[in-house]
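Data block for start38.txt (compact mmCIF, C-alpha atoms and all ligand atoms):
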# COMPACT_ATOMS: atom_id res chain seq x y z
CA VAL A 1 193.96 282.23 130.72
CA THR A 2 191.20 279.63 131.02
CA VAL A 3 192.68 276.41 132.41
CA ALA A 4 189.39 274.48 132.44
CA PRO A 5 185.72 275.50 132.22
CA GLY A 6 185.18 278.03 135.03
CA ALA A 7 188.86 277.96 136.09
CA VAL A 8 190.61 281.17 135.07
CA HIS A 9 194.17 282.32 135.80
CA VAL A 10 194.80 286.08 135.63
CA PRO A 11 198.55 286.69 136.03
CA ASP A 12 199.68 289.87 137.81
CA TRP A 13 196.18 291.07 138.65
CA LEU A 14 197.00 292.66 142.00
CA SER A 15 198.95 295.92 141.93
CA LEU A 16 202.01 296.09 144.15
CA GLU A 17 200.14 298.58 146.32
CA ARG A 18 197.20 296.18 146.72
CA GLN A 19 199.59 293.32 147.55
CA ARG A 20 201.17 295.48 150.26
CA GLU A 21 197.73 296.26 151.72
CA LEU A 22 196.82 292.57 151.74
CA VAL A 23 200.10 291.62 153.45
CA THR A 24 199.42 294.23 156.14
CA ALA A 25 195.84 293.01 156.60
CA CYS A 26 196.99 289.38 156.83
CA ARG A 27 199.62 290.33 159.44
CA GLY A 28 196.86 291.88 161.50
CA TRP A 29 194.65 288.80 161.28
CA ALA A 30 197.58 286.43 161.92
CA THR A 31 198.44 288.22 165.16
CA GLY A 32 194.84 288.93 166.21
CA PRO A 33 192.56 287.13 168.68
CA VAL A 34 192.80 283.94 166.59
CA PRO A 35 196.48 283.39 165.83
CA MET A 36 197.72 281.80 162.63
CA ARG A 37 198.47 278.14 163.28
CA HIS A 38 199.12 274.76 161.67
CA THR A 39 195.74 273.06 161.28
CA ARG A 40 195.51 269.63 162.88
CA LEU A 41 193.70 266.92 160.98
CA PRO A 42 191.36 264.46 162.68
CA GLY A 43 193.62 261.56 161.68
CA GLY A 44 196.51 263.03 163.68
CA GLY A 45 198.30 264.78 160.84
CA VAL A 46 199.30 268.42 160.86
CA MET A 47 199.15 270.63 157.78
CA SER A 48 202.50 272.14 156.77
CA VAL A 49 200.93 275.48 155.86
CA ARG A 50 199.88 277.91 158.57
CA THR A 51 196.35 279.29 158.34
CA VAL A 52 194.27 282.09 159.76
CA CYS A 53 190.61 282.51 158.86
CA VAL A 54 188.44 285.60 158.55
CA GLY A 55 184.65 285.67 158.84
CA TRP A 56 184.28 281.97 159.54
CA HIS A 57 186.88 279.63 161.04
CA TRP A 58 187.65 276.52 159.02
CA GLN A 59 188.60 273.43 160.90
CA PRO A 60 188.49 270.07 159.13
CA TYR A 61 185.80 269.67 158.02
CA ARG A 62 183.47 272.47 159.01
CA TYR A 63 183.09 276.21 159.55
CA THR A 64 182.40 277.83 162.91
CA ARG A 65 182.40 281.40 164.23
CA THR A 66 184.88 280.63 167.01
CA ALA A 67 188.28 278.96 166.78
CA ALA A 68 188.06 275.98 169.12
CA ASP A 69 191.54 274.78 168.09
CA ALA A 70 193.24 278.20 168.28
CA GLY A 71 192.37 279.80 171.59
CA GLY A 72 188.58 279.80 171.26
CA ALA A 73 188.11 283.45 170.29
CA ARG A 74 185.65 284.65 167.69
CA VAL A 75 187.25 285.12 164.27
CA ALA A 76 187.74 288.60 162.80
CA GLU A 77 184.85 290.20 160.94
CA PHE A 78 184.95 289.74 157.15
CA PRO A 79 185.50 293.27 155.80
CA ASP A 80 183.38 294.83 153.04
CA TRP A 81 186.48 295.87 151.10
CA LEU A 82 187.49 292.23 150.78
CA ALA A 83 184.07 291.22 149.42
CA GLU A 84 184.31 294.09 146.92
CA LEU A 85 187.76 292.84 145.85
CA GLY A 86 186.17 289.42 145.30
CA ARG A 87 183.50 290.90 143.02
CA ARG A 88 186.15 292.77 141.02
CA ALA A 89 188.11 289.51 140.74
CA LEU A 90 185.13 287.73 139.14
CA VAL A 91 184.61 290.61 136.69
CA ALA A 92 188.28 290.43 135.67
CA ALA A 93 188.46 286.64 135.41
CA TYR A 94 185.22 286.12 133.50
CA GLN A 95 185.56 289.37 131.49
CA ASP A 96 181.93 290.16 132.22
CA PRO A 97 180.93 293.37 134.03
CA ALA A 98 178.05 291.48 135.67
CA ALA A 99 180.09 288.46 136.82
CA GLY A 100 180.46 289.87 140.35
CA ASP A 101 176.78 290.75 140.82
CA GLY A 102 175.43 289.07 143.92
CA TYR A 103 178.77 287.54 144.87
CA ASP A 104 179.08 288.00 148.62
CA PRO A 105 181.99 286.00 150.06
CA ASP A 106 181.80 285.63 153.85
CA THR A 107 185.04 283.81 154.66
CA ALA A 108 188.70 284.07 153.74
CA LEU A 109 191.29 281.40 154.40
CA VAL A 110 194.78 282.86 154.58
CA ASN A 111 197.47 280.22 154.04
CA PHE A 112 201.16 280.92 154.62
CA TYR A 113 203.70 278.59 152.97
CA ASP A 114 207.33 278.57 154.02
CA GLY A 115 209.80 277.05 151.55
CA ARG A 116 208.99 273.49 152.63
CA ALA A 117 205.22 273.73 152.94
CA THR A 118 202.99 271.90 150.48
CA MET A 119 199.28 271.21 150.10
CA GLY A 120 198.18 267.75 149.06
CA MET A 121 195.55 267.18 146.39
CA HIS A 122 192.07 267.78 147.82
CA GLN A 123 188.63 269.14 147.02
CA ASP A 124 187.04 272.07 148.86
CA ARG A 125 183.61 270.81 149.70
CA ASP A 126 182.99 272.09 153.20
CA GLU A 127 181.11 275.09 151.83
CA ARG A 128 177.39 274.66 151.40
CA SER A 129 177.42 277.07 148.45
CA ARG A 130 178.93 276.28 145.07
CA ALA A 131 179.72 279.95 144.40
CA PRO A 132 183.20 280.54 142.92
CA VAL A 133 186.37 280.61 145.03
CA VAL A 134 188.71 283.56 144.46
CA SER A 135 192.40 282.80 145.08
CA LEU A 136 195.03 285.56 145.48
CA SER A 137 198.77 284.79 145.64
CA ILE A 138 201.48 287.00 147.15
CA GLY A 139 205.20 286.33 147.68
CA ASP A 140 207.14 283.31 146.48
CA SER A 141 205.99 281.53 143.33
CA CYS A 142 204.59 278.03 143.55
CA VAL A 143 203.53 275.14 141.39
CA PHE A 144 199.74 274.93 141.60
CA ARG A 145 198.31 271.61 140.46
CA PHE A 146 194.80 271.80 139.04
CA GLY A 147 193.29 268.37 138.63
CA ASN A 148 190.03 266.73 137.67
CA THR A 149 186.80 266.26 139.60
CA GLU A 150 187.09 262.46 139.88
CA ASN A 151 190.26 261.67 141.80
CA ARG A 152 193.60 263.03 143.09
CA GLY A 153 195.57 261.72 140.14
CA ARG A 154 195.94 262.51 136.46
CA PRO A 155 194.87 264.25 134.40
CA TYR A 156 196.07 267.48 135.99
CA THR A 157 197.63 270.72 134.81
CA ASP A 158 200.54 272.39 136.62
CA VAL A 159 200.37 276.18 136.67
CA GLU A 160 203.03 278.53 138.02
CA LEU A 161 201.40 281.04 140.40
CA ARG A 162 203.38 284.22 141.05
CA SER A 163 203.01 287.18 143.34
CA GLY A 164 199.95 289.19 142.34
CA ASP A 165 198.22 286.39 140.44
CA LEU A 166 194.48 285.79 140.61
CA PHE A 167 192.85 282.41 140.12
CA VAL A 168 189.08 281.91 140.09
CA PHE A 169 187.45 278.50 140.46
CA GLY A 170 183.82 278.45 139.45
CA GLY A 171 181.26 276.40 137.62
CA PRO A 172 182.39 272.86 136.82
CA SER A 173 185.86 273.59 138.26
CA ARG A 174 184.57 274.42 141.72
CA LEU A 175 184.93 270.82 142.90
CA ALA A 176 188.17 269.99 141.10
CA TYR A 177 190.99 268.37 143.03
CA HIS A 178 193.92 270.75 143.49
CA GLY A 179 197.10 271.18 145.49
CA VAL A 180 200.46 272.92 145.83
CA PRO A 181 203.31 270.42 145.33
CA ARG A 182 206.07 273.01 145.73
CA VAL A 183 206.97 276.58 146.59
CA ARG A 184 210.00 278.28 145.04
CA PRO A 185 211.90 280.07 147.82
CA GLY A 186 213.43 283.41 146.97
CA THR A 187 211.13 284.18 144.03
CA GLY A 188 208.94 286.76 145.80
CA ASN A 189 209.19 290.53 145.75
CA PRO A 190 210.29 292.07 149.08
CA ALA A 191 208.47 295.27 148.05
CA THR A 192 205.20 293.48 148.87
CA GLY A 193 206.26 293.58 152.52
CA LEU A 194 206.63 289.80 152.58
CA ALA A 195 210.31 288.95 153.09
CA GLY A 196 209.91 285.25 152.36
CA GLY A 197 207.33 282.55 151.85
CA ARG A 198 204.04 282.53 150.00
CA LEU A 199 200.70 283.92 151.08
CA ASN A 200 197.49 282.61 149.51
CA ILE A 201 194.13 284.18 150.29
CA THR A 202 190.95 282.38 149.20
CA LEU A 203 187.58 284.13 149.31
CA ARG A 204 184.60 281.81 149.63
CA VAL A 205 180.87 281.72 150.25
CA THR A 206 180.15 279.30 153.10
CA GLY A 207 176.39 279.27 152.51
CA LEU A 208 176.00 279.36 156.30
CA THR A 209 174.10 281.88 158.41
CA GLY A 210 174.41 282.93 162.03
C1 LIG B 301 196.71 277.65 148.01
N1 LIG B 301 194.61 276.82 148.69
O1 LIG B 301 197.44 278.07 147.15
C2 LIG B 301 195.51 276.86 147.58
C3 LIG B 301 195.02 277.47 146.34
C4 LIG B 301 192.92 275.84 150.09
C5 LIG B 301 193.77 275.80 148.89
O2 LIG B 301 193.66 274.90 148.12
O3 LIG B 301 191.98 275.03 150.16
O4 LIG B 301 193.14 276.69 150.96
S1 LIG B 301 193.35 277.96 146.25
C6 LIG B 301 192.70 276.74 145.18
C7 LIG B 301 191.26 276.36 145.33
C8 LIG B 301 190.57 276.70 146.46
C9 LIG B 301 189.23 276.35 146.56
C10 LIG B 301 188.58 275.65 145.54
C11 LIG B 301 189.32 275.33 144.44
C12 LIG B 301 190.65 275.66 144.32
N2 LIG B 301 188.67 274.61 143.43
O5 LIG B 301 187.45 274.48 143.50
O6 LIG B 301 189.35 274.12 142.50
O7 LIG B 301 196.88 277.80 149.23
FE FE B 302 191.71 273.98 148.39

structure tokens encoding of this file:
Amino acid sequence: VTVAPGAVHVPDWLSLERQRELVTACRGWATGPVPMRHTRLPGGGVMSVRTVCVGWHWQPYRYTRTAADAGGARVAEFPDWLAELGRRALVAAYQDPAAGDGYDPDTALVNFYDGRATMGMHQDRDERSRAPVVSLSIGDSCVFRFGNTENRGRPYTDVELRSGDLFVFGGPSRLAYHGVPRVRPGTGNPATGLAGGRLNITLRVTGLTG
């Protein structure tokens, strides 16, 4: 389902088995050398989601290899299997066997939402590359708000994201404002290994080296 040019929603793309594998991998990262934590914003705010990063560590508003705000350790290596999953995601979303060619994501942001967590409308512009972002959802459903490239307000489209859904943001949609105004507790599938809450994994290309 194309929501806007370059923005494609593929419901139920991840098999249950793949969702289980991702939950296990995220548990490992969340309890690794860089623990999952609530990101602090420079203005003094604290994000309601909890985040752990892979490959590069995101801290508003830049990427580093070490987690200065979460113990200082180096973040986990970005695994090849996750980059391959990203390429397969682009092929599926854009229905083009070549859509994944050359796509080499080097960071993943893993966000965990409890029933009260939300994400305000924002753009993702800390990456130096404008390659697509691949978003994978597991667990409780949410309302995902996909907006315009000009401001946080209308027009926007609300999309229900469920466990196993894929969303790709590329082309003109890469810099669209977006957010998560609500999560729907109790709508997940315990067979994923996630008893409650929502997990969102975004694969990105930072455009950084080193
Ligand atoms: C989430 N995550 O469900 C959302 C969905 C984030 C974030 O927004 O920054 O971690 S992923 C939606 C997204 C991510 C990156 C770029 C664009 C959309 N976009 O260009 O529209 O936790
Ligand atoms: Fe975002």

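Residues lying within 8 Å of Thr118 (chain A), counting all atoms listed in the file and ignoring same-chain neighbours fewer than 5 positions away, are Ser48, Val49, Tyr113, Gly179, Val180, Pro181, Arg182 and Val183 of chain A.
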
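Taking all atoms listed in the file into account, ligand FE 302 (chain B) lies nearest to A:Ile201 out of the set A:Cys142, A:Ile201, A:Val8, A:Leu41.
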
Compare A:Gln123, A:Thr64, A:Asn151, A:Thr206 by their minimum atom-to-atom distance to ligand LIG 301 (chain B), counting all atoms listed in the file, and give me the closest one.
A:Gln123

Can you work out the spacing between CA of Val1 (chain A) and CA of Ala93 (chain A) in Å, to one decimal?
8.5 Å

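If you measure from each of A:Leu161, A:Val110, A:Ala83, A:Ala73 to ligand FE 302 (chain B) using all atoms listed in the file, the closest one turns out to be A:Val110.
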
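The shortest atom-to-atom distance to Pro155 (chain A), with all atoms listed in the file taken into account, belongs to A:Ala4 out of A:Ala4, A:Glu77, A:Arg116, A:Trp13.
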
Neighbourhood of ligand FE 302 (chain B) at 12 Å, counting only C-alpha atoms and all ligand atoms, reported as a CSV table (one decimal) with C-alpha atoms, in the coordinates of the input:
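Output (part35.csv):
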chain,number,residue,atom,x,y,z
A,49,VAL,CA,200.9,275.5,155.9
A,58,TRP,CA,187.6,276.5,159.0
A,60,PRO,CA,188.5,270.1,159.1
A,108,ALA,CA,188.7,284.1,153.7
A,109,LEU,CA,191.3,281.4,154.4
A,110,VAL,CA,194.8,282.9,154.6
A,111,ASN,CA,197.5,280.2,154.0
A,118,THR,CA,203.0,271.9,150.5
A,119,MET,CA,199.3,271.2,150.1
A,120,GLY,CA,198.2,267.8,149.1
A,121,MET,CA,195.6,267.2,146.4
A,122,HIS,CA,192.1,267.8,147.8
A,123,GLN,CA,188.6,269.1,147.0
A,124,ASP,CA,187.0,272.1,148.9
A,125,ARG,CA,183.6,270.8,149.7
A,126,ASP,CA,183.0,272.1,153.2
A,127,GLU,CA,181.1,275.1,151.8
A,133,VAL,CA,186.4,280.6,145.0
A,134,VAL,CA,188.7,283.6,144.5
A,135,SER,CA,192.4,282.8,145.1
A,144,PHE,CA,199.7,274.9,141.6
A,145,ARG,CA,198.3,271.6,140.5
A,146,PHE,CA,194.8,271.8,139.0
A,147,GLY,CA,193.3,268.4,138.6
A,167,PHE,CA,192.8,282.4,140.1
A,168,VAL,CA,189.1,281.9,140.1
A,169,PHE,CA,187.4,278.5,140.5
A,173,SER,CA,185.9,273.6,138.3
A,174,ARG,CA,184.6,274.4,141.7
A,175,LEU,CA,184.9,270.8,142.9
A,176,ALA,CA,188.2,270.0,141.1
A,177,TYR,CA,191.0,268.4,143.0
A,178,HIS,CA,193.9,270.8,143.5
A,179,GLY,CA,197.1,271.2,145.5
A,180,VAL,CA,200.5,272.9,145.8
A,200,ASN,CA,197.5,282.6,149.5
A,201,ILE,CA,194.1,284.2,150.3
A,202,THR,CA,191.0,282.4,149.2
A,203,LEU,CA,187.6,284.1,149.3
A,204,ARG,CA,184.6,281.8,149.6

Give me the residues within 10 Å of Ala68 (chain A) as a list in words, counting all atoms listed in the file and dropping any in the same chain fewer than 3 places off.
Val34, His57, Gln59, Thr64, Arg65, Gly71, Gly72, Ala73 and Arg74 of chain A

Residues proximal to (197.1, 289.1, 160.1) were defined as those with any atom within 12 Å of that point in the file's coordinates, counting all atoms listed in the file. Which are they, as a PyMOL selection string?
chain A and resi 21-37+50-54+75-76+108-112+199+201

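Nearest residue to ligand LIG 301 (chain B), choosing from A:Arg130, A:Arg184, A:Arg20, A:Arg87 and counting all atoms listed in the file: A:Arg130.
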
Using CA of Leu14 (chain A) and CA of Trp81 (chain A) as the two end points, give the distance in Å to one decimal.
14.3 Å

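Separating CA of Leu194 (chain A) from CA of Ile138 (chain A) is a distance of 8.0 Å.
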
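With only C-alpha atoms as the atoms that count, the minimum distance from Pro172 (chain A) to the choices A:Pro42, A:Pro185, A:Pro11, A:Pro132 is reached by A:Pro132.
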
Can you tell me which residues surround Ala99 (chain A) at a distance of at most 10 Å, considering all atoms listed in the file, apart from same-chain residues fewer than 6 positions away, and format the answer as a ChimeraX atom specification?
/A:87-93

For Ser15 (chain A), please output as a ChimeraX atom specification all residues within 10 Å (counting all atoms listed in the file; exclusion window: fewer than 3 positions along the same chain).
/A:12,18-21,163-165,192
